[in-house]
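The file query-v7.tsv comes next; it holds TSV, C-alpha atoms.
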chain	number	residue	atom	x	y	z
A	1	MET	CA	122.94	23.25	57.44
A	2	SER	CA	124.30	20.26	59.37
A	3	SER	CA	123.10	19.59	62.89
A	4	ARG	CA	123.78	17.15	65.68
A	5	SER	CA	121.82	16.17	68.79
A	6	THR	CA	123.05	14.45	71.93
A	7	THR	CA	120.84	13.14	74.74
A	8	ASN	CA	121.97	12.90	78.36
A	9	ASN	CA	120.38	9.93	80.16
A	10	THR	CA	122.16	10.30	83.52
A	11	ASN	CA	120.31	12.56	85.94
A	12	ASN	CA	122.46	15.35	87.43
A	13	PHE	CA	125.46	14.29	85.34
A	14	VAL	CA	128.47	16.35	86.52
A	15	VAL	CA	130.00	18.63	83.86
A	16	ASN	CA	132.90	20.99	84.48
A	17	SER	CA	132.15	23.26	81.51
A	18	ILE	CA	130.62	23.25	78.02
A	19	ALA	CA	132.28	24.68	74.90
A	20	PHE	CA	130.68	24.72	71.45
A	21	SER	CA	132.85	24.70	68.33
A	22	GLY	CA	132.76	23.81	64.64
A	23	THR	CA	130.25	24.28	61.84
A	24	THR	CA	127.51	21.99	63.18
A	25	GLN	CA	124.42	23.21	65.02
A	26	PHE	CA	124.47	21.31	68.30
A	27	THR	CA	121.52	20.44	70.55
A	28	LEU	CA	122.06	18.88	73.99
A	29	SER	CA	118.90	17.47	75.56
A	30	GLY	CA	117.81	14.95	78.15
A	31	THR	CA	117.93	14.86	81.94
A	32	SER	CA	119.53	17.49	84.18
A	33	ILE	CA	123.25	18.23	84.41
A	34	ALA	CA	125.28	19.65	87.31
A	35	LEU	CA	127.43	22.39	85.76
A	36	GLY	CA	130.57	23.45	87.62
A	37	GLY	CA	131.79	26.08	85.15
A	38	ASN	CA	130.99	28.16	82.10
A	39	ILE	CA	129.24	27.72	78.75
A	40	ASP	CA	131.18	29.17	75.82
A	41	THR	CA	130.13	29.35	72.16
A	42	ALA	CA	133.20	31.22	70.90
A	43	GLY	CA	134.33	28.45	68.55
A	44	THR	CA	131.09	27.73	66.68
A	45	THR	CA	129.59	29.17	63.50
A	46	ARG	CA	126.10	27.85	64.34
A	47	ASN	CA	123.44	28.41	66.96
A	48	SER	CA	123.58	26.21	70.07
A	49	ILE	CA	120.67	24.74	72.06
A	50	LEU	CA	120.54	23.22	75.55
A	51	ASN	CA	117.19	21.55	76.08
A	52	LEU	CA	117.67	20.20	79.62
A	53	PRO	CA	117.69	21.45	83.23
A	54	ILE	CA	120.98	22.96	84.42
A	55	ASN	CA	122.01	22.98	88.09
A	56	LEU	CA	124.85	25.43	88.70
A	57	THR	CA	127.27	24.27	91.39
A	58	THR	CA	129.35	27.46	91.22
A	59	SER	CA	129.12	30.94	89.74
A	60	ALA	CA	129.14	30.76	85.95
A	61	THR	CA	129.19	32.80	82.76
A	62	PHE	CA	127.27	31.81	79.63
A	63	THR	CA	128.74	33.51	76.56
A	64	ALA	CA	126.81	33.70	73.27
A	65	GLY	CA	128.03	35.00	69.93
A	66	GLY	CA	130.18	32.35	68.35
A	67	VAL	CA	132.73	33.06	65.64
A	68	SER	CA	130.86	35.95	64.02
A	69	GLY	CA	129.48	37.39	67.27
A	70	THR	CA	125.87	36.76	66.20
A	71	GLN	CA	125.27	33.08	66.95
A	72	ALA	CA	122.51	32.41	69.50
A	73	LEU	CA	122.62	30.38	72.68
A	74	THR	CA	119.18	29.02	73.60
A	75	ILE	CA	118.45	27.52	77.02
A	76	GLN	CA	115.17	25.59	77.04
A	77	GLY	CA	115.45	24.03	80.50
A	78	VAL	CA	115.11	25.41	84.02
A	79	ILE	CA	118.35	26.85	85.44
A	80	ASP	CA	119.01	26.40	89.17
A	81	ASN	CA	121.21	29.40	89.98
A	82	SER	CA	122.47	29.30	93.56
A	83	SER	CA	125.82	31.07	93.16
A	84	GLY	CA	125.35	33.69	90.44
A	85	LEU	CA	125.00	33.61	86.67
A	86	THR	CA	126.27	36.12	84.10
A	87	LEU	CA	124.92	36.15	80.54
A	88	ALA	CA	127.55	37.68	78.27
A	89	GLY	CA	128.63	37.93	74.65
A	90	THR	CA	127.37	39.80	71.60
A	91	GLY	CA	125.04	37.08	70.36
A	92	PRO	CA	121.52	36.64	71.73
A	93	THR	CA	120.86	34.43	74.74
A	94	ASN	CA	117.33	33.03	74.65
A	95	LEU	CA	115.78	31.83	77.92
A	96	THR	CA	112.40	30.10	77.76
A	97	GLN	CA	112.10	28.68	81.29
A	98	SER	CA	112.47	29.82	84.88
A	99	ILE	CA	115.69	30.60	86.72
A	100	THR	CA	115.42	29.36	90.30
A	101	GLY	CA	117.78	29.78	93.24
A	102	ILE	CA	118.91	32.88	95.13
A	103	GLY	CA	121.90	33.75	92.94
A	104	THR	CA	122.03	37.08	91.08
A	105	LEU	CA	121.40	37.03	87.35
A	106	THR	CA	123.59	39.59	85.57
A	107	THR	CA	123.31	40.53	81.91
A	108	GLY	CA	126.67	41.83	80.74
A	109	THR	CA	127.41	45.06	78.88
A	110	GLY	CA	126.78	44.58	75.17
A	111	SER	CA	124.71	41.44	75.68
A	112	THR	CA	121.19	40.72	74.42
A	113	VAL	CA	118.95	38.50	76.52
A	114	ASN	CA	115.48	37.42	75.42
A	115	TYR	CA	113.12	36.31	78.21
A	116	VAL	CA	109.77	34.66	77.51
A	117	GLY	CA	107.55	33.82	80.45
A	118	VAL	CA	110.13	33.05	83.14
A	119	ASN	CA	110.50	33.55	86.88
A	120	LEU	CA	113.69	34.62	88.60
A	121	GLY	CA	114.68	33.44	92.07
A	122	GLY	CA	117.30	36.04	92.99
A	123	ASP	CA	118.32	39.58	92.06
A	124	LEU	CA	118.48	40.89	88.50
A	125	SER	CA	121.19	43.26	87.27
A	126	VAL	CA	120.70	44.49	83.69
A	127	GLY	CA	123.84	45.70	81.95
A	128	GLY	CA	122.93	45.01	78.32
A	129	VAL	CA	119.64	44.69	76.44
A	130	LEU	CA	116.86	42.71	78.10
A	131	ASN	CA	113.82	41.88	75.95
A	132	ILE	CA	110.66	40.87	77.81
A	133	GLY	CA	107.51	39.68	76.10
A	134	GLY	CA	106.10	37.75	73.22
A	135	THR	CA	102.90	37.40	71.27
A	136	ASN	CA	100.96	36.13	74.29
A	137	VAL	CA	101.52	39.31	76.25
A	138	ALA	CA	98.81	38.74	78.85
A	139	ALA	CA	100.68	35.65	80.08
A	140	THR	CA	104.15	37.21	80.01
A	141	ARG	CA	105.53	38.25	83.37
A	142	LEU	CA	108.96	38.17	84.94
A	143	VAL	CA	108.57	37.47	88.65
A	144	ILE	CA	111.64	38.37	90.70
A	145	ALA	CA	110.86	36.17	93.66
A	146	GLY	CA	113.96	36.60	95.76
A	147	GLY	CA	115.23	40.12	95.47
A	148	ASP	CA	115.63	43.35	93.56
A	149	MET	CA	116.12	44.58	90.02
A	150	THR	CA	118.77	47.08	88.96
A	151	VAL	CA	119.34	48.59	85.54
A	152	SER	CA	123.02	49.01	86.18
A	153	SER	CA	124.28	51.06	83.25
A	154	SER	CA	123.22	54.08	81.23
A	155	ASN	CA	124.01	51.92	78.18
A	156	ALA	CA	121.57	49.23	79.30
A	157	ALA	CA	118.05	48.90	77.91
A	158	ILE	CA	114.84	47.11	78.81
A	159	SER	CA	112.54	46.40	75.88
A	160	MET	CA	109.02	45.10	76.42
A	161	VAL	CA	105.87	44.46	74.41
A	162	VAL	CA	102.87	46.55	75.45
A	163	GLY	CA	99.32	45.65	74.54
A	164	THR	CA	96.80	42.92	74.91
A	165	SER	CA	96.22	39.57	73.30
A	166	PHE	CA	92.47	39.99	73.69
A	167	GLY	CA	92.07	42.20	70.60
A	168	ALA	CA	90.60	45.07	72.61
A	169	ILE	CA	91.77	47.83	74.90
A	170	VAL	CA	89.37	48.10	77.82
A	171	ASP	CA	89.16	49.69	81.25
A	172	PRO	CA	91.07	47.40	83.67
A	173	THR	CA	88.86	48.59	86.55
A	174	VAL	CA	85.99	46.57	85.10
A	175	SER	CA	87.88	43.85	83.23
A	176	SER	CA	91.23	42.12	83.45
A	177	ASN	CA	91.76	42.62	79.72
A	178	GLY	CA	94.38	45.19	78.84
A	179	SER	CA	96.16	45.19	82.20
A	180	TYR	CA	99.13	43.01	83.15
A	181	ASP	CA	102.43	43.04	85.02
A	182	GLN	CA	105.72	42.59	83.19
A	183	PHE	CA	108.12	42.93	86.13
A	184	ILE	CA	106.87	42.04	89.60
A	185	GLY	CA	108.95	41.86	92.76
A	186	VAL	CA	107.61	39.49	95.40
A	187	GLY	CA	107.93	40.59	99.00
A	188	GLY	CA	107.52	43.87	100.82
A	189	SER	CA	111.18	44.90	100.45
A	190	SER	CA	111.63	44.26	96.73
A	191	SER	CA	112.90	47.26	94.78
A	192	VAL	CA	113.69	48.44	91.27
A	193	ALA	CA	116.43	50.90	90.31
A	194	PHE	CA	115.92	52.57	86.92
A	195	ASN	CA	118.69	53.58	84.53
A	196	GLY	CA	119.37	53.28	80.82
A	197	ALA	CA	116.55	53.20	78.26
A	198	LEU	CA	113.01	51.82	78.33
A	199	ASN	CA	111.79	50.73	74.89
A	200	LEU	CA	108.10	49.95	74.39
A	201	ASN	CA	106.90	47.87	71.44
A	202	MET	CA	103.23	48.72	70.84
A	203	ASP	CA	102.58	46.31	67.98
A	204	LEU	CA	99.66	44.75	69.84
A	205	LEU	CA	97.73	48.00	70.31
A	206	GLU	CA	95.10	47.07	67.76
A	207	PRO	CA	91.48	48.28	67.66
A	208	ASP	CA	88.34	46.29	67.09
A	209	ALA	CA	84.73	47.21	66.39
A	210	ASP	CA	83.83	47.63	70.06
A	211	TYR	CA	86.95	49.50	71.19
A	212	PRO	CA	88.31	51.76	68.43
A	213	LEU	CA	91.61	53.49	69.04
A	214	GLU	CA	89.97	56.88	69.47
A	215	SER	CA	88.40	55.56	72.66
A	216	PHE	CA	91.68	54.37	74.18
A	217	VAL	CA	91.37	53.82	77.90
A	218	SER	CA	93.64	51.40	79.65
A	219	LYS	CA	96.72	50.98	81.80
A	220	TRP	CA	99.57	48.52	81.87
A	221	LYS	CA	101.55	47.66	84.98
A	222	LEU	CA	105.11	47.54	83.62
A	223	PHE	CA	106.81	47.44	87.04
A	224	ASN	CA	105.34	46.33	90.36
A	225	PHE	CA	107.87	46.75	93.19
A	226	ALA	CA	107.59	47.93	96.77
A	227	ASN	CA	110.25	50.61	96.26
A	228	TYR	CA	111.82	52.41	93.32
A	229	SER	CA	114.79	54.69	92.73
A	230	GLY	CA	116.50	56.48	89.85
A	231	ASN	CA	115.01	57.16	86.45
A	232	PHE	CA	115.44	55.98	82.91
A	233	THR	CA	117.76	58.06	80.77
A	234	ALA	CA	115.47	57.75	77.73
A	235	MET	CA	112.12	56.29	76.74
A	236	THR	CA	111.02	55.36	73.22
A	237	ALA	CA	108.09	53.60	71.60
A	238	THR	CA	107.67	51.73	68.32
A	239	GLY	CA	104.81	49.91	66.61
A	240	SER	CA	102.07	52.32	67.64
A	241	PRO	CA	99.18	52.92	65.20
A	242	TYR	CA	99.92	56.65	65.60
A	243	PRO	CA	103.17	58.02	64.14
A	244	GLU	CA	103.60	60.62	66.87
A	245	ILE	CA	103.92	57.88	69.51
A	246	ASN	CA	106.78	56.16	67.64
A	247	THR	CA	109.34	58.57	68.96
A	248	THR	CA	111.38	59.48	72.01
A	249	TRP	CA	109.17	60.65	74.83
A	250	THR	CA	109.88	63.62	77.11
A	251	GLN	CA	110.31	63.71	80.87
A	252	ASP	CA	108.10	66.06	82.85
A	253	GLY	CA	108.82	67.86	86.11
A	254	ASN	CA	107.58	64.94	88.18
A	255	GLY	CA	110.04	62.53	86.59
A	256	ASN	CA	107.35	60.82	84.50
A	257	TRP	CA	107.69	60.07	80.79
A	258	VAL	CA	105.07	61.51	78.43
A	259	SER	CA	104.31	60.92	74.76
A	260	PRO	CA	103.05	63.58	72.36
A	261	PHE	CA	99.28	64.04	72.10
A	262	LEU	CA	97.58	61.33	70.07
A	263	ASN	CA	96.42	62.64	66.71
A	264	ASN	CA	93.41	60.31	66.74
A	265	GLY	CA	90.54	62.78	66.60
A	266	SER	CA	89.63	62.15	70.23
A	267	ASP	CA	87.88	64.77	72.32
A	268	PRO	CA	89.48	65.46	74.75
A	269	ALA	CA	92.99	64.81	73.49
A	270	GLN	CA	94.87	61.79	74.83
A	271	TYR	CA	98.47	60.79	75.46
A	272	PHE	CA	100.51	58.02	77.08
A	273	ALA	CA	102.37	58.57	80.35
A	274	PHE	CA	104.68	56.28	82.34
A	275	ASP	CA	104.72	56.94	86.07
A	276	ARG	CA	107.82	55.29	87.56
A	277	ALA	CA	106.45	55.64	91.12
A	278	THR	CA	103.57	53.27	90.34
A	279	GLY	CA	105.19	51.47	87.41
A	280	GLU	CA	102.10	52.14	85.30
A	281	LEU	CA	101.80	53.12	81.67
A	282	VAL	CA	98.48	54.96	81.37
A	283	VAL	CA	96.45	56.50	78.58
A	284	VAL	CA	95.54	59.89	80.02
A	285	PRO	CA	92.23	60.97	78.47
A	286	GLU	CA	92.21	64.68	79.38
A	287	PRO	CA	95.62	66.34	79.77
A	288	THR	CA	94.19	69.75	80.71
A	289	GLY	CA	92.11	68.33	83.55
A	290	PHE	CA	94.39	65.87	85.29
A	291	VAL	CA	97.83	65.89	86.83
A	292	ILE	CA	100.22	63.17	85.69
A	293	ALA	CA	101.36	62.56	89.26
A	294	GLY	CA	97.84	61.32	89.98
A	295	LEU	CA	97.28	59.05	87.03
A	296	GLY	CA	94.67	57.02	88.87
A	297	VAL	CA	92.47	60.12	88.96
A	298	ALA	CA	92.74	60.35	85.19
A	299	MET	CA	91.43	56.83	84.87
A	300	ALA	CA	88.55	57.52	87.26
A	301	GLY	CA	87.57	60.58	85.24
A	302	TRP	CA	87.34	58.74	81.94
A	303	ARG	CA	83.59	58.12	82.11
A	304	LEU	CA	82.90	61.80	82.80
A	305	ALA	CA	85.02	62.74	79.79
A	306	ARG	CA	83.11	60.31	77.58
A	307	GLN	CA	79.78	61.61	78.85
A	308	ARG	CA	80.77	65.18	77.94
A	309	LYS	CA	81.86	64.02	74.52
A	310	GLN	CA	78.61	62.14	73.94
A	311	LYS	CA	76.48	65.11	75.11
A	312	ALA	CA	78.42	67.45	72.81
A	313	ALA	CA	77.88	65.11	69.86
A	314	ALA	CA	74.16	64.87	70.64
A	315	ALA	CA	73.87	68.66	70.85
A	316	ARG	CA	75.55	69.09	67.46
A	317	ALA	CA	73.21	66.49	65.95
A	318	GLU	CA	70.14	68.35	67.28
A	319	GLY	CA	71.39	71.76	66.19
As structure tokens - that is how I would like this structure written.
Amino acid sequence: MSSRSTTNNTNNFVVNSIAFSGTTQFTLSGTSIALGGNIDTAGTTRNSILNLPINLTTSATFTAGGVSGTQALTIQGVIDNSSGLTLAGTGPTNLTQSITGIGTLTTGTGSTVNYVGVNLGGDLSVGGVLNIGGTNVAATRLVIAGGDMTVSSSNAAISMVVGTSFGAIVDPTVSSNGSYDQFIGVGGSSSVAFNGALNLNMDLLEPDADYPLESFVSKWKLFNFANYSGNFTAMTATGSPYPEINTTWTQDGNGNWVSPFLNNGSDPAQYFAFDRATGELVVVPEPTGFVIAGLGVAMAGWRLARQRKQKAAAARAEG
């Protein structure tokens, strides 16, 4: 595959627009540019990479997809978005750095946007598929520093990795391991509006010798906003060690999403539950003894549940 690289050596070089075309993979790197228009990949058959800071001087649309509709647009520099940015197209848009400025970031219908460890200065409106997370999950967080988040369409989806990079699932009340934020809104008025689908990738839920899966106890802060509204239209999970979790979850009467019981031999039985009011995904250890609306109580009762299980095992051993 042929490729070509160009380096910009003039800081804040003014560019009206950028269009990629042809059969060559193109990489633009160097110092920052001032972009007064759109980025379009419609004419290229290869992936395109911009490895430099971009300062938007007007509202803009970045369109990925190329000739076949699958070519990627990768932005590896910080984007200063003061007027509004729309990420569109059927190809993936990969963002590896922060987006600063107060402008709204909009992901268009049918688009796929991959975020890895970035902050966002303004509002976020999700109209396509937004993937959050990577292998270093504990360090992955999208901070919406300037405003709110809205999942704007029932066809939209937010996909995120759930787990821990520490190799163990532990109680976050006594350790930071196994607990992290993936969306956090800064400020007392920040809000999140749910819609569309929430897809959880549980590939990183792996046991070790000290914390086997049958002793699951943890919680993950998926959303941390001052206010919330709406609800997801569907919730699914993949990558779990238990087949019953890799399915579409059901919504209970409180508006929370609940997985089937874990078939992991635990006593008492366990299941996952997402409480949109708190933004927490929690392993509930005893479904008959706790109410999902008070998931924090379930966490507090974990030690009692384990003590009962240990006493029962000791009694069987003596008998």
Can you measure CA of Leu281 in chain A to CA of Thr109 in chain A for me? One decimal in Å is fine. 27.0 Å
Pairwise distance, CA of Leu85 in chain A with CA of Asn155 in chain A, equals 20.2 Å
Using only C-alpha atoms, give me every residue within 8 Å of (99.9, 46.6, 86.0) in file coordinates, as a list in words.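 Those within range, by chain then number, are Ser179, Tyr180, Asp181, Gln182, Lys219, Trp220, Lys221, Leu222, Phe223, Asn224, Gly279 and Glu280 of chain A.
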Figure out the distance between CA of Ala64 in chain A and CA of Leu50 in chain A, please, to one decimal in Å. 12.4 Å
I'd like the contact shell of range 25-42 of chain A - 8 Å cut-off, only C-alpha atoms, skipping same-chain residues fewer than 2 positions apart - returned as a PDB file with C-alpha atoms, in the coordinates of the input.
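Saved to result-v8.pdb:
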ATOM      1  CA  MET A   1     122.940  23.250  57.440  1.00  0.00           C
ATOM      2  CA  SER A   2     124.300  20.260  59.370  1.00  0.00           C
ATOM      3  CA  SER A   3     123.100  19.590  62.890  1.00  0.00           C
ATOM      4  CA  ARG A   4     123.780  17.150  65.680  1.00  0.00           C
ATOM      5  CA  SER A   5     121.820  16.170  68.790  1.00  0.00           C
ATOM      6  CA  THR A   6     123.050  14.450  71.930  1.00  0.00           C
ATOM      7  CA  THR A   7     120.840  13.140  74.740  1.00  0.00           C
ATOM      8  CA  ASN A   8     121.970  12.900  78.360  1.00  0.00           C
ATOM      9  CA  ASN A   9     120.380   9.930  80.160  1.00  0.00           C
ATOM     10  CA  THR A  10     122.160  10.300  83.520  1.00  0.00           C
ATOM     11  CA  ASN A  11     120.310  12.560  85.940  1.00  0.00           C
ATOM     12  CA  ASN A  12     122.460  15.350  87.430  1.00  0.00           C
ATOM     13  CA  PHE A  13     125.460  14.290  85.340  1.00  0.00           C
ATOM     14  CA  VAL A  14     128.470  16.350  86.520  1.00  0.00           C
ATOM     15  CA  VAL A  15     130.000  18.630  83.860  1.00  0.00           C
ATOM     16  CA  ASN A  16     132.900  20.990  84.480  1.00  0.00           C
ATOM     17  CA  SER A  17     132.150  23.260  81.510  1.00  0.00           C
ATOM     18  CA  ILE A  18     130.620  23.250  78.020  1.00  0.00           C
ATOM     19  CA  ALA A  19     132.280  24.680  74.900  1.00  0.00           C
ATOM     20  CA  PHE A  20     130.680  24.720  71.450  1.00  0.00           C
ATOM     21  CA  SER A  21     132.850  24.700  68.330  1.00  0.00           C
ATOM     22  CA  THR A  23     130.250  24.280  61.840  1.00  0.00           C
ATOM     23  CA  THR A  44     131.090  27.730  66.680  1.00  0.00           C
ATOM     24  CA  ARG A  46     126.100  27.850  64.340  1.00  0.00           C
ATOM     25  CA  ASN A  47     123.440  28.410  66.960  1.00  0.00           C
ATOM     26  CA  SER A  48     123.580  26.210  70.070  1.00  0.00           C
ATOM     27  CA  ILE A  49     120.670  24.740  72.060  1.00  0.00           C
ATOM     28  CA  LEU A  50     120.540  23.220  75.550  1.00  0.00           C
ATOM     29  CA  ASN A  51     117.190  21.550  76.080  1.00  0.00           C
ATOM     30  CA  LEU A  52     117.670  20.200  79.620  1.00  0.00           C
ATOM     31  CA  PRO A  53     117.690  21.450  83.230  1.00  0.00           C
ATOM     32  CA  ILE A  54     120.980  22.960  84.420  1.00  0.00           C
ATOM     33  CA  ASN A  55     122.010  22.980  88.090  1.00  0.00           C
ATOM     34  CA  LEU A  56     124.850  25.430  88.700  1.00  0.00           C
ATOM     35  CA  THR A  57     127.270  24.270  91.390  1.00  0.00           C
ATOM     36  CA  THR A  58     129.350  27.460  91.220  1.00  0.00           C
ATOM     37  CA  SER A  59     129.120  30.940  89.740  1.00  0.00           C
ATOM     38  CA  ALA A  60     129.140  30.760  85.950  1.00  0.00           C
ATOM     39  CA  THR A  61     129.190  32.800  82.760  1.00  0.00           C
ATOM     40  CA  PHE A  62     127.270  31.810  79.630  1.00  0.00           C
ATOM     41  CA  THR A  63     128.740  33.510  76.560  1.00  0.00           C
ATOM     42  CA  ALA A  64     126.810  33.700  73.270  1.00  0.00           C
ATOM     43  CA  GLY A  65     128.030  35.000  69.930  1.00  0.00           C
ATOM     44  CA  GLY A  66     130.180  32.350  68.350  1.00  0.00           C
ATOM     45  CA  VAL A  67     132.730  33.060  65.640  1.00  0.00           C
ATOM     46  CA  LEU A  73     122.620  30.380  72.680  1.00  0.00           C
TER      47      LEU A  73
END
Which residues, written as a count of residues only, have at least one atom at most 8 Å from Leu95 in chain A, with only C-alpha atoms counted and residues fewer than 5 positions away on the same chain left out? 8
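Of the residues listed (A:Gly69, A:Met149, A:Gln251, A:Gly133), A:Gly133 shows the shortest atom-to-atom separation from Leu204 in chain A; distances use all atoms listed in the file.
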Leu198 in chain A surroundings by all atoms listed in the file, 8 Å radius, close-in-sequence under 6 positions cut, as a count of residues only: 7
